[in-house]
$ cat structure.cif   # mmCIF, C-alpha atoms
data_start
loop_
_atom_site.group_PDB
_atom_site.id
_atom_site.type_symbol
_atom_site.label_atom_id
_atom_site.label_comp_id
_atom_site.auth_asym_id
_atom_site.auth_seq_id
_atom_site.Cartn_x
_atom_site.Cartn_y
_atom_site.Cartn_z
ATOM 1 C CA MET A 91 4.929 31.176 155.104
ATOM 2 C CA ALA A 92 3.806 34.748 154.705
ATOM 3 C CA GLU A 93 5.120 36.625 151.712
ATOM 4 C CA ARG A 94 7.797 39.107 152.576
ATOM 5 C CA LEU A 95 6.878 42.714 151.866
ATOM 6 C CA TYR A 96 9.350 45.464 151.169
ATOM 7 C CA ALA A 97 9.709 48.655 149.177
ATOM 8 C CA SER A 98 10.598 48.598 145.458
ATOM 9 C CA LYS A 99 9.933 44.875 145.233
ATOM 10 C CA ALA A 100 10.478 43.434 141.753
ATOM 11 C CA GLY A 101 7.337 42.310 139.954
ATOM 12 C CA ASP A 102 3.874 43.828 139.855
ATOM 13 C CA ILE A 103 3.398 46.459 142.513
ATOM 14 C CA ASP A 104 2.452 45.062 145.935
ATOM 15 C CA PRO A 105 1.394 46.938 149.063
ATOM 16 C CA VAL A 106 4.452 47.593 151.157
ATOM 17 C CA ALA A 107 2.544 46.574 154.291
ATOM 18 C CA LEU A 108 -0.940 45.279 155.074
ATOM 19 C CA VAL A 109 -3.559 46.637 157.446
ATOM 20 C CA ASN A 110 -2.512 46.463 161.099
ATOM 21 C CA GLU A 111 1.148 46.042 160.140
ATOM 22 C CA THR A 112 3.855 48.496 161.109
ATOM 23 C CA VAL A 113 6.020 50.587 158.812
ATOM 24 C CA ALA A 114 9.113 52.628 159.617
ATOM 25 C CA ILE A 115 9.267 55.665 157.372
ATOM 26 C CA TRP A 116 12.588 57.405 156.751
ATOM 27 C CA LEU A 117 11.952 61.075 157.294
ATOM 28 C CA LYS A 118 14.320 63.834 158.379
ATOM 29 C CA ALA A 119 17.098 61.323 159.061
ATOM 30 C CA ARG A 120 15.086 59.182 161.484
ATOM 31 C CA TRP A 121 12.819 56.152 161.230
ATOM 32 C CA HIS A 122 9.279 57.191 162.203
ATOM 33 C CA MET A 123 6.843 54.462 163.214
ATOM 34 C CA TYR A 124 3.327 54.176 161.796
ATOM 35 C CA LYS A 125 0.657 51.469 161.754
ATOM 36 C CA VAL A 126 -1.327 50.880 158.566
ATOM 37 C CA THR A 127 -5.057 51.340 159.144
ATOM 38 C CA TYR A 128 -6.366 51.315 155.561
ATOM 39 C CA ILE A 129 -5.174 50.498 152.030
ATOM 40 C CA GLU A 130 -6.726 51.055 148.661
ATOM 41 C CA PRO A 131 -5.303 50.798 145.132
ATOM 42 C CA MET A 132 -4.783 53.776 142.835
ATOM 43 C CA PRO A 133 -5.177 52.335 139.318
ATOM 44 C CA LYS A 134 -3.530 53.598 136.148
ATOM 45 C CA SER A 135 -6.075 56.079 134.823
ATOM 46 C CA ALA A 136 -6.477 59.552 133.362
ATOM 47 C CA GLY A 137 -6.796 61.058 136.838
ATOM 48 C CA LEU A 138 -3.239 60.039 137.650
ATOM 49 C CA ILE A 139 -1.719 61.419 134.445
ATOM 50 C CA PHE A 140 0.114 64.707 134.990
ATOM 51 C CA ASP A 141 0.790 66.743 131.839
ATOM 52 C CA GLN A 142 3.471 69.418 132.083
ATOM 53 C CA GLY A 143 2.452 70.743 128.671
ATOM 54 C CA ALA A 144 4.341 71.448 125.471
ATOM 55 C CA LEU A 145 8.118 71.413 125.590
ATOM 56 C CA ALA A 146 10.350 72.851 122.900
ATOM 57 C CA ALA A 147 13.323 70.830 121.687
ATOM 58 C CA LEU A 148 15.762 70.217 124.554
ATOM 59 C CA ALA A 149 13.586 72.308 126.910
ATOM 60 C CA GLN A 150 12.775 71.614 130.573
ATOM 61 C CA SER A 151 9.434 72.114 132.280
ATOM 62 C CA GLY A 152 11.081 73.322 135.482
ATOM 63 C CA ASP A 153 9.930 71.978 138.843
ATOM 64 C CA ILE A 154 6.185 71.436 138.803
ATOM 65 C CA ARG A 155 4.414 70.442 141.995
ATOM 66 C CA LEU A 156 1.999 67.527 141.706
ATOM 67 C CA LEU A 157 -0.588 68.926 144.077
ATOM 68 C CA ASN A 158 -3.086 66.197 143.276
ATOM 69 C CA LEU A 159 -0.772 63.595 144.795
ATOM 70 C CA ASP A 160 -0.881 65.291 148.193
ATOM 71 C CA GLN A 161 -2.378 63.173 150.948
ATOM 72 C CA GLN A 162 -4.192 64.149 154.076
ATOM 73 C CA ALA A 163 -2.266 64.929 157.262
ATOM 74 C CA LYS A 164 -4.775 63.721 159.897
ATOM 75 C CA PRO A 165 -4.777 60.790 159.928
ATOM 76 C CA SER A 166 -1.549 60.513 158.004
ATOM 77 C CA GLY A 167 -1.936 59.551 154.376
ATOM 78 C CA MET A 168 0.758 58.021 152.235
ATOM 79 C CA VAL A 169 0.945 56.889 148.627
ATOM 80 C CA GLN A 170 3.215 54.233 147.177
ATOM 81 C CA LEU A 171 3.596 54.971 143.478
ATOM 82 C CA ARG A 172 5.362 53.782 140.384
ATOM 83 C CA PHE A 173 5.463 55.967 137.304
ATOM 84 C CA TYR A 174 6.519 56.265 133.685
ATOM 85 C CA PRO A 175 6.299 58.942 130.998
ATOM 86 C CA LEU A 176 3.767 58.563 128.199
ATOM 87 C CA ASP A 177 5.727 60.920 125.943
ATOM 88 C CA ASP A 178 9.374 60.915 124.942
ATOM 89 C CA ILE A 179 10.608 62.879 127.957
ATOM 90 C CA GLN A 180 12.940 62.354 130.905
ATOM 91 C CA VAL A 181 11.341 62.728 134.340
ATOM 92 C CA GLU A 182 13.250 63.808 137.418
ATOM 93 C CA PHE A 183 11.184 63.146 140.552
ATOM 94 C CA LYS A 184 11.631 65.215 143.704
ATOM 95 C CA ILE A 185 10.244 65.295 147.212
ATOM 96 C CA GLY A 186 10.393 68.985 147.856
ATOM 97 C CA ARG A 187 12.147 71.046 145.215
ATOM 98 C CA SER A 188 15.604 70.404 146.594
ATOM 99 C CA GLU A 189 15.596 66.646 146.993
ATOM 100 C CA SER A 190 15.791 64.562 143.847
ATOM 101 C CA ARG A 191 15.020 60.885 144.170
ATOM 102 C CA PHE A 192 17.293 58.264 142.606
ATOM 103 C CA ALA A 193 20.374 60.411 143.248
ATOM 104 C CA ALA A 194 23.953 59.233 143.434
ATOM 105 C CA ALA A 195 26.758 61.510 144.532
ATOM 106 C CA ASN A 196 27.234 63.065 141.127
ATOM 107 C CA VAL A 197 24.251 62.063 139.019
ATOM 108 C CA VAL A 198 20.469 61.873 139.227
ATOM 109 C CA ALA A 199 18.744 58.980 137.459
ATOM 110 C CA GLN A 200 15.695 59.987 135.491
ATOM 111 C CA VAL A 201 12.762 57.913 134.319
ATOM 112 C CA ASP A 202 12.251 57.885 130.563
ATOM 113 C CA ARG A 203 10.588 55.798 127.866
ATOM 114 C CA PHE A 204 13.421 53.289 128.015
ATOM 115 C CA THR A 205 12.708 52.599 131.692
ATOM 116 C CA ILE A 206 9.442 50.745 131.105
ATOM 117 C CA LEU A 207 10.934 48.931 128.109
ATOM 118 C CA ASN A 208 13.680 47.459 130.278
ATOM 119 C CA ASP A 209 11.798 47.308 133.594
ATOM 120 C CA PRO A 210 8.171 46.548 132.632
ATOM 121 C CA CYS A 211 6.967 46.283 136.247
ATOM 122 C CA LEU A 212 8.600 49.664 136.998
ATOM 123 C CA HIS A 213 9.813 48.591 140.427
ATOM 124 C CA THR A 214 12.890 50.788 140.021
ATOM 125 C CA THR A 215 10.615 53.854 139.901
ATOM 126 C CA GLU A 216 8.836 53.248 143.202
ATOM 127 C CA VAL A 217 8.432 56.332 145.390
ATOM 128 C CA PHE A 218 6.534 57.158 148.565
ATOM 129 C CA ILE A 219 4.833 60.437 149.355
ATOM 130 C CA LEU A 220 3.889 60.981 152.972
ATOM 131 C CA GLU A 221 1.067 63.439 153.681
ATOM 132 C CA ASP A 222 1.639 66.673 151.727
ATOM 133 C CA ASN A 223 5.362 66.234 151.268
ATOM 134 C CA SER A 224 5.458 68.190 148.024
ATOM 135 C CA ALA A 225 6.117 65.866 145.107
ATOM 136 C CA TYR A 226 7.624 67.659 142.120
ATOM 137 C CA VAL A 227 8.633 66.575 138.639
ATOM 138 C CA ASN A 228 11.010 68.284 136.259
ATOM 139 C CA CYS A 229 10.490 67.011 132.722
ATOM 140 C CA THR A 230 13.073 67.362 129.965
ATOM 141 C CA ASN A 231 12.509 66.925 126.258
ATOM 142 C CA PRO A 232 15.789 65.306 125.144
ATOM 143 C CA THR A 233 14.908 65.304 121.449
ATOM 144 C CA ALA A 234 15.598 67.782 118.675
ATOM 145 C CA TYR A 235 11.839 68.172 118.130
ATOM 146 C CA ALA A 236 9.129 69.913 120.125
ATOM 147 C CA THR A 237 6.647 67.765 121.992
ATOM 148 C CA ALA A 238 3.027 68.860 122.381
ATOM 149 C CA MET A 239 2.568 67.055 125.692
ATOM 150 C CA SER A 240 4.774 65.805 128.499
ATOM 151 C CA ARG A 241 2.622 63.334 130.383
ATOM 152 C CA VAL A 242 3.604 61.190 133.338
ATOM 153 C CA GLN A 243 1.419 58.281 134.489
ATOM 154 C CA PHE A 244 1.368 57.281 138.163
ATOM 155 C CA PHE A 245 -0.278 54.279 139.842
ATOM 156 C CA GLY A 246 0.020 52.358 143.087
ATOM 157 C CA PHE A 247 -1.546 52.215 146.529
ATOM 158 C CA ARG A 248 -2.865 54.726 149.027
ATOM 159 C CA TYR A 249 -2.566 54.213 152.782
ATOM 160 C CA LEU A 250 -3.988 55.716 155.913
ATOM 161 C CA LEU A 251 -1.563 55.482 158.829
ATOM 162 C CA LYS A 252 -1.791 55.788 162.574
ATOM 163 C CA ASP A 253 1.185 57.702 163.925
ATOM 164 C CA ILE A 254 2.652 55.601 166.768
ATOM 165 C CA ASP A 255 4.596 58.687 167.799
ATOM 166 C CA LYS A 256 7.917 56.912 168.114
ATOM 167 C CA ASP A 257 11.034 57.330 166.057
ATOM 168 C CA PHE A 258 14.462 55.738 166.025
ATOM 169 C CA ALA A 259 17.862 56.667 164.735
ATOM 170 C CA THR A 260 18.927 53.252 163.469
ATOM 171 C CA PRO A 261 17.211 50.250 161.865
ATOM 172 C CA GLU A 262 18.638 48.073 164.652
ATOM 173 C CA ASP A 263 16.678 50.117 167.189
ATOM 174 C CA VAL A 264 13.560 49.786 165.052
ATOM 175 C CA LYS A 265 13.911 46.002 164.702
ATOM 176 C CA GLN A 266 14.517 45.601 168.413
ATOM 177 C CA ASN A 267 11.185 47.230 169.208
ATOM 178 C CA TYR A 268 9.194 46.162 166.112
ATOM 179 C CA PRO A 269 10.576 42.875 164.716
ATOM 180 C CA ASN A 270 8.114 42.639 161.812
ATOM 181 C CA VAL A 271 8.432 46.197 160.575
ATOM 182 C CA VAL A 272 8.724 47.185 156.892
ATOM 183 C CA PHE A 273 11.152 49.984 156.086
ATOM 184 C CA VAL A 274 9.919 52.683 153.700
ATOM 185 C CA PRO A 275 12.035 55.453 152.176
ATOM 186 C CA SER A 276 10.042 58.653 151.886
ATOM 187 C CA GLY A 277 12.441 61.445 151.189
ATOM 188 C CA SER A 278 13.780 64.223 153.358
ATOM 189 C CA ASP A 279 17.057 62.550 154.206
ATOM 190 C CA MET B 231 17.336 41.935 128.163
ATOM 191 C CA ALA B 232 18.235 39.779 125.196
ATOM 192 C CA GLU B 233 17.739 42.620 122.734
ATOM 193 C CA ARG B 234 17.749 46.346 123.152
ATOM 194 C CA ILE B 235 14.343 47.885 122.556
ATOM 195 C CA GLY B 236 13.996 51.368 121.172
ATOM 196 C CA ILE B 237 11.523 54.194 120.745
ATOM 197 C CA ARG B 238 9.903 54.723 117.362
ATOM 198 C CA LYS B 239 10.103 58.276 115.985
ATOM 199 C CA THR B 240 9.302 59.902 112.671
ATOM 200 C CA SER B 241 10.729 62.783 110.688
ATOM 201 C CA ALA B 242 8.711 65.488 109.032
ATOM 202 C CA VAL B 243 8.119 65.222 105.279
ATOM 203 C CA VAL B 244 11.260 66.652 103.695
ATOM 204 C CA ALA B 245 11.881 67.381 100.004
ATOM 205 C CA SER B 246 15.240 66.010 98.909
ATOM 206 C CA PRO B 247 17.823 68.439 97.568
ATOM 207 C CA VAL B 248 20.154 67.693 94.683
ATOM 208 C CA THR B 249 23.398 65.754 95.113
ATOM 209 C CA GLY B 250 26.019 67.834 96.917
ATOM 210 C CA ALA B 251 23.431 69.861 98.849
ATOM 211 C CA ALA B 252 22.347 67.270 101.470
ATOM 212 C CA ILE B 253 20.046 68.479 104.264
ATOM 213 C CA ALA B 254 18.825 66.990 107.544
ATOM 214 C CA LEU B 255 15.933 64.550 107.339
ATOM 215 C CA TYR B 256 15.879 63.367 110.969
ATOM 216 C CA ASN B 257 17.768 64.867 113.912
ATOM 217 C CA ILE B 258 18.934 62.072 116.208
ATOM 218 C CA THR B 259 18.398 62.644 119.933
ATOM 219 C CA VAL B 260 21.562 63.403 121.898
ATOM 220 C CA GLY B 261 22.905 60.261 123.555
ATOM 221 C CA ARG B 262 20.970 57.882 121.342
ATOM 222 C CA SER B 263 21.504 56.107 118.062
ATOM 223 C CA ALA B 264 18.968 55.509 115.319
ATOM 224 C CA ILE B 265 18.131 52.518 113.146
ATOM 225 C CA ILE B 266 16.088 53.186 110.009
ATOM 226 C CA ARG B 267 12.898 51.141 110.178
ATOM 227 C CA ARG B 268 10.720 52.510 107.420
ATOM 228 C CA ILE B 269 10.756 55.074 104.640
ATOM 229 C CA ILE B 270 7.931 56.341 102.453
ATOM 230 C CA TRP B 271 8.380 58.672 99.506
ATOM 231 C CA ILE B 272 6.780 60.163 96.443
ATOM 232 C CA ASN B 273 8.839 61.240 93.468
ATOM 233 C CA ALA B 274 7.636 64.658 92.338
ATOM 234 C CA CYS B 275 10.892 65.442 90.535
ATOM 235 C CA GLY B 276 9.690 65.310 86.942
ATOM 236 C CA GLY B 277 12.141 62.495 86.251
ATOM 237 C CA ASN B 278 13.542 59.363 87.837
ATOM 238 C CA SER B 279 15.838 60.125 90.755
ATOM 239 C CA ASN B 280 18.159 58.151 93.026
ATOM 240 C CA LEU B 281 17.573 58.877 96.717
ATOM 241 C CA SER B 282 20.496 58.608 99.133
ATOM 242 C CA LEU B 283 20.357 58.562 102.936
ATOM 243 C CA GLY B 284 23.442 59.216 104.992
ATOM 244 C CA GLN B 285 25.144 61.564 107.400
ATOM 245 C CA GLY B 286 26.770 64.944 106.837
ATOM 246 C CA LEU B 287 25.446 68.079 105.192
ATOM 247 C CA ALA B 288 26.006 69.400 101.662
ATOM 248 C CA ALA B 289 29.291 68.196 100.171
ATOM 249 C CA ALA B 290 30.196 66.385 103.412
ATOM 250 C CA PHE B 291 27.404 63.854 102.781
ATOM 251 C CA ALA B 292 28.362 60.181 103.134
ATOM 252 C CA ALA B 293 25.776 57.527 102.360
ATOM 253 C CA VAL B 294 24.944 54.876 104.959
ATOM 254 C CA LEU B 295 22.871 52.768 102.567
ATOM 255 C CA PRO B 296 22.961 52.133 98.817
ATOM 256 C CA ALA B 297 20.883 54.606 96.809
ATOM 257 C CA ILE B 298 17.176 53.882 96.295
ATOM 258 C CA VAL B 299 15.903 54.231 92.723
ATOM 259 C CA THR B 300 12.634 56.194 92.631
ATOM 260 C CA LEU B 301 10.503 56.519 89.532
ATOM 261 C CA ASN B 302 8.938 59.753 88.350
ATOM 262 C CA GLY B 303 5.391 60.283 89.566
ATOM 263 C CA LEU B 304 5.313 57.150 91.697
ATOM 264 C CA ASP B 305 5.307 56.649 95.427
ATOM 265 C CA GLY B 306 7.071 53.843 97.251
ATOM 266 C CA GLN B 307 8.087 52.539 100.630
ATOM 267 C CA LEU B 308 10.552 50.217 102.250
ATOM 268 C CA ASN B 309 9.732 48.507 105.522
ATOM 269 C CA GLU B 310 11.605 47.209 108.529
ATOM 270 C CA TRP B 311 12.407 43.841 107.002
ATOM 271 C CA ASP B 312 13.953 45.552 103.934
ATOM 272 C CA PHE B 313 16.584 47.429 105.944
ATOM 273 C CA PRO B 314 19.822 46.057 107.329
ATOM 274 C CA GLN B 315 20.500 46.776 111.009
ATOM 275 C CA VAL B 316 22.534 49.899 110.309
ATOM 276 C CA GLU B 317 22.854 51.812 113.587
ATOM 277 C CA ILE B 318 23.565 55.506 113.144
ATOM 278 C CA PRO B 319 24.911 57.155 116.313
ATOM 279 C CA TYR B 320 24.402 60.753 117.338
ATOM 280 C CA THR B 321 27.625 62.709 117.367
ATOM 281 C CA ALA B 322 28.043 66.445 117.696
ATOM 282 C CA ALA B 323 29.615 66.564 114.245
ATOM 283 C CA LEU B 324 27.009 64.290 112.632
ATOM 284 C CA PRO B 325 23.756 64.818 114.548
ATOM 285 C CA ALA B 326 21.290 63.932 111.783
ATOM 286 C CA ILE B 327 20.298 61.463 109.119
ATOM 287 C CA THR B 328 20.569 63.479 105.924
ATOM 288 C CA LEU B 329 19.327 63.028 102.385
ATOM 289 C CA GLU B 330 20.018 64.057 98.813
ATOM 290 C CA SER B 331 18.962 62.825 95.379
ATOM 291 C CA THR B 332 20.220 62.934 91.825
ATOM 292 C CA VAL B 333 17.190 65.034 90.875
ATOM 293 C CA ALA B 334 15.780 67.273 93.622
ATOM 294 C CA GLY B 335 12.214 66.968 94.861
ATOM 295 C CA ILE B 336 11.533 63.521 96.327
ATOM 296 C CA ASN B 337 9.228 64.002 99.316
ATOM 297 C CA VAL B 338 10.430 61.670 102.048
ATOM 298 C CA LEU B 339 9.240 60.626 105.518
ATOM 299 C CA LEU B 340 11.437 58.424 107.670
ATOM 300 C CA GLU B 341 10.614 56.219 110.668
ATOM 301 C CA VAL B 342 13.487 55.332 112.949
ATOM 302 C CA GLU B 343 13.931 53.331 116.130
ATOM 303 C CA GLU B 344 16.038 55.264 118.580
ATOM 304 C CA ILE B 345 18.147 53.175 120.943
ATOM 305 C CA GLY B 346 19.176 54.714 124.253
#

$ encode --input "structure.cif" --output "structure tokens"
Amino acid sequence: MAERLYASKAGDIDPVALVNETVAIWLKARWHMYKVTYIEPMPKSAGLIFDQGALAALAQSGDIRLLNLDQQAKPSGMVQLRFYPLDDIQVEFKIGRSESRFAAANVVAQVDRFTILNDPCLHTTEVFILEDNSAYVNCTNPTAYATAMSRVQFFGFRYLLKDIDKDFATPEDVKQNYPNVVFVPSGSD
Amino acid sequence: MAERIGIRKTSAVVASPVTGAAIALYNITVGRSAIIRRIIWINACGGNSNLSLGQGLAAAFAAVLPAIVTLNGLDGQLNEWDFPQVEIPYTAALPAITLESTVAGINVLLEVEEIG
């Protein structure tokens, strides 16, 4: 039996779909259909560390766009990433400056040094960035001491997608037309 | 998780003031608590001196551990296995681990494990 793939799966990071499989990406309140044409891993490495610089005690970096995580638009690129801070900071992740990920009605969950201690595989930090959908981080130094660096490490998988040019309002509609689809949250709700 | 895991942090090197004039040694992060894991010191007081760690500044100092006897001109350290699991919470009124000594001038560095 084939292994079931889905977003934010517990355990080491897995591709959310394989080549020639279909994904439904949640974007602007609709499920948009894409077919995966290519996958490659993005390993933990210096190139995927983003340093927001020195932060004074209790200071915030403000929203900083992670331009180097942008993907191409034609054909559509997407990254599936997990992340954790290397320094003692709290990281708020946003798709576009106005949309924080991991948000409840009255609180936004942030990723900090405790996250990887309690969730070593980091599956609760999984995010998806479609094309150049403007990933931002806002880093906060919660301590009473200045920090010289505020680094965030990303890793995961990169995809190239073929836009099927169909979208649906409900997951039932998606499943009716594409029974083996994988649903992917990618911001802009 | 069976046991909470914390983040290790260190203070700066702070010279202890005399009893009744306690100052901050390590400022605990808001929303966390701290467990003392290691302390290293050198007594440059010119005489033996008892070092106390606690909470509260100046005359409001209250010890959280028994005093440590330090000998003039000698350094020393206590490690994780020497300390009881005393958890010191951050509160707005008591935001720091503070120190004082019977004779001023013990240079102290503290390592704590902050629990979130």

$ residues_around --input "structure.cif" --residues "range 147-164 of chain A" --least-positions-apart "5" --cutoff "6 Å" --atoms "all atoms listed in the file" --output "PDB file with C-alpha atoms, in the coordinates of the input"
ATOM      1  CA  GLU A 221       1.067  63.439 153.681  1.00  0.00           C
ATOM      2  CA  ASP A 222       1.639  66.673 151.727  1.00  0.00           C
ATOM      3  CA  ALA A 225       6.117  65.866 145.107  1.00  0.00           C
ATOM      4  CA  TYR A 226       7.624  67.659 142.120  1.00  0.00           C
ATOM      5  CA  VAL A 227       8.633  66.575 138.639  1.00  0.00           C
ATOM      6  CA  ASN A 228      11.010  68.284 136.259  1.00  0.00           C
ATOM      7  CA  CYS A 229      10.490  67.011 132.722  1.00  0.00           C
ATOM      8  CA  THR A 230      13.073  67.362 129.965  1.00  0.00           C
ATOM      9  CA  ASN A 231      12.509  66.925 126.258  1.00  0.00           C
ATOM     10  CA  PRO A 232      15.789  65.306 125.144  1.00  0.00           C
ATOM     11  CA  THR A 233      14.908  65.304 121.449  1.00  0.00           C
ATOM     12  CA  ALA A 234      15.598  67.782 118.675  1.00  0.00           C
ATOM     13  CA  TYR A 235      11.839  68.172 118.130  1.00  0.00           C
ATOM     14  CA  ALA A 236       9.129  69.913 120.125  1.00  0.00           C
TER      15      ALA A 236
END

$ residues_around --input "structure.cif" --residues "Asp263 in chain A" --least-positions-apart "3" --cutoff "12 Å" --atoms "all atoms listed in the file" --output "ChimeraX atom specification"
/A:114,120-123,256-260,266-269,271

$ interface_residues --input "structure.cif" --of "chain B" --to "chain A" --cutoff "8 Å" --atoms "all atoms listed in the file" --output "PDB file with C-alpha atoms, keeping the file's coordinate frame"
ATOM      1  CA  MET B 231      17.336  41.935 128.163  1.00  0.00           C
ATOM      2  CA  ILE B 235      14.343  47.885 122.556  1.00  0.00           C
ATOM      3  CA  GLY B 236      13.996  51.368 121.172  1.00  0.00           C
ATOM      4  CA  ILE B 237      11.523  54.194 120.745  1.00  0.00           C
ATOM      5  CA  ASN B 257      17.768  64.867 113.912  1.00  0.00           C
ATOM      6  CA  ILE B 258      18.934  62.072 116.208  1.00  0.00           C
ATOM      7  CA  THR B 259      18.398  62.644 119.933  1.00  0.00           C
ATOM      8  CA  VAL B 260      21.562  63.403 121.898  1.00  0.00           C
ATOM      9  CA  GLY B 346      19.176  54.714 124.253  1.00  0.00           C
TER      10      GLY B 346
END

$ residues_around --input "structure.cif" --residues "Ile336 in chain B" --least-positions-apart "6" --cutoff "9 Å" --atoms "only C-alpha atoms" --output "list in words"
Val244, Ala245, Ser246, Pro247, Trp271, Ile272, Asn273, Ala274, Cys275, Ser279, Leu281, Thr300 and Glu330 of chain B

$ residues_near_point --input "structure.cif" --point "(22.1, 54.7, 115.4)" --cutoff "6 Å" --atoms "all atoms listed in the file" --output "CSV table (one decimal) with C-alpha atoms, in the coordinates of the input"
chain,number,residue,atom,x,y,z
B,263,SER,CA,21.5,56.1,118.1
B,264,ALA,CA,19.0,55.5,115.3
B,265,ILE,CA,18.1,52.5,113.1
B,317,GLU,CA,22.9,51.8,113.6
B,318,ILE,CA,23.6,55.5,113.1
B,319,PRO,CA,24.9,57.2,116.3

$ atom_distance --input "structure.cif" --atom1 "CA of Lys184 in chain A" --atom2 "CA of Ala199 in chain A"
11.3 Å

$ resolve_selection --input "structure.cif" --expression "the PyMOL selection byres ((chain A and resi 168) around 8)" --output "list in words"
Gln161, Ser166, Gly167, Val169, Gln170, Phe218, Ile219, Leu220, Glu221, Arg248, Tyr249, Leu250 and Leu251 of chain A

$ residues_around --input "structure.cif" --residues "Ala289 in chain B" --least-positions-apart "3" --cutoff "9 Å" --atoms "all atoms listed in the file" --output "list in words"
Thr249, Gly250, Ala251, Ala252, Gly286 and Ala292 of chain B

$ residues_around --input "structure.cif" --residues "Phe173 in chain A" --least-positions-apart "4" --cutoff "7 Å" --atoms "all atoms listed in the file" --output "list in words"
Thr215, Val242, Gln243, Phe244 and Phe245 of chain A

$ resolve_selection --input "structure.cif" --expression "the PyMOL selection byres ((chain B and resi 268) around 12)" --output "list of chain:residue names"
B:Arg238, B:Lys239, B:Thr240, B:Ser241, B:Ala264, B:Ile265, B:Ile266, B:Arg267, B:Ile269, B:Ile270, B:Trp271, B:Gly306, B:Gln307, B:Leu308, B:Asn309, B:Glu310, B:Trp311, B:Asp312, B:Phe313, B:Pro314, B:Gln315, B:Val338, B:Leu339, B:Leu340, B:Glu341, B:Val342, B:Glu343

$ resolve_selection --input "structure.cif" --expression "the PyMOL selection byres ((chain B and resi 254) around 6)" --output "list of chain:residue names"
B:Ile253, B:Leu255, B:Tyr256, B:Ala326, B:Ile327, B:Thr328

$ residues_near_point --input "structure.cif" --point "(-4.9, 55.8, 134.9)" --cutoff "12 Å" --atoms "all atoms listed in the file" --output "tab-separated table (two decimals) with C-alpha atoms, in the frame of the given file"
chain	number	residue	atom	x	y	z
A	131	PRO	CA	-5.30	50.80	145.13
A	132	MET	CA	-4.78	53.78	142.84
A	133	PRO	CA	-5.18	52.34	139.32
A	134	LYS	CA	-3.53	53.60	136.15
A	135	SER	CA	-6.08	56.08	134.82
A	136	ALA	CA	-6.48	59.55	133.36
A	137	GLY	CA	-6.80	61.06	136.84
A	138	LEU	CA	-3.24	60.04	137.65
A	139	ILE	CA	-1.72	61.42	134.44
A	140	PHE	CA	0.11	64.71	134.99
A	172	ARG	CA	5.36	53.78	140.38
A	173	PHE	CA	5.46	55.97	137.30
A	174	TYR	CA	6.52	56.26	133.68
A	176	LEU	CA	3.77	58.56	128.20
A	241	ARG	CA	2.62	63.33	130.38
A	242	VAL	CA	3.60	61.19	133.34
A	243	GLN	CA	1.42	58.28	134.49
A	244	PHE	CA	1.37	57.28	138.16
A	245	PHE	CA	-0.28	54.28	139.84
A	246	GLY	CA	0.02	52.36	143.09

$ atom_distance --input "structure.cif" --atom1 "CA of Gly303 in chain B" --atom2 "CA of Gly284 in chain B"
23.8 Å

$ atom_distance --input "structure.cif" --atom1 "CA of Val197 in chain A" --atom2 "CA of Ala119 in chain A"
21.3 Å
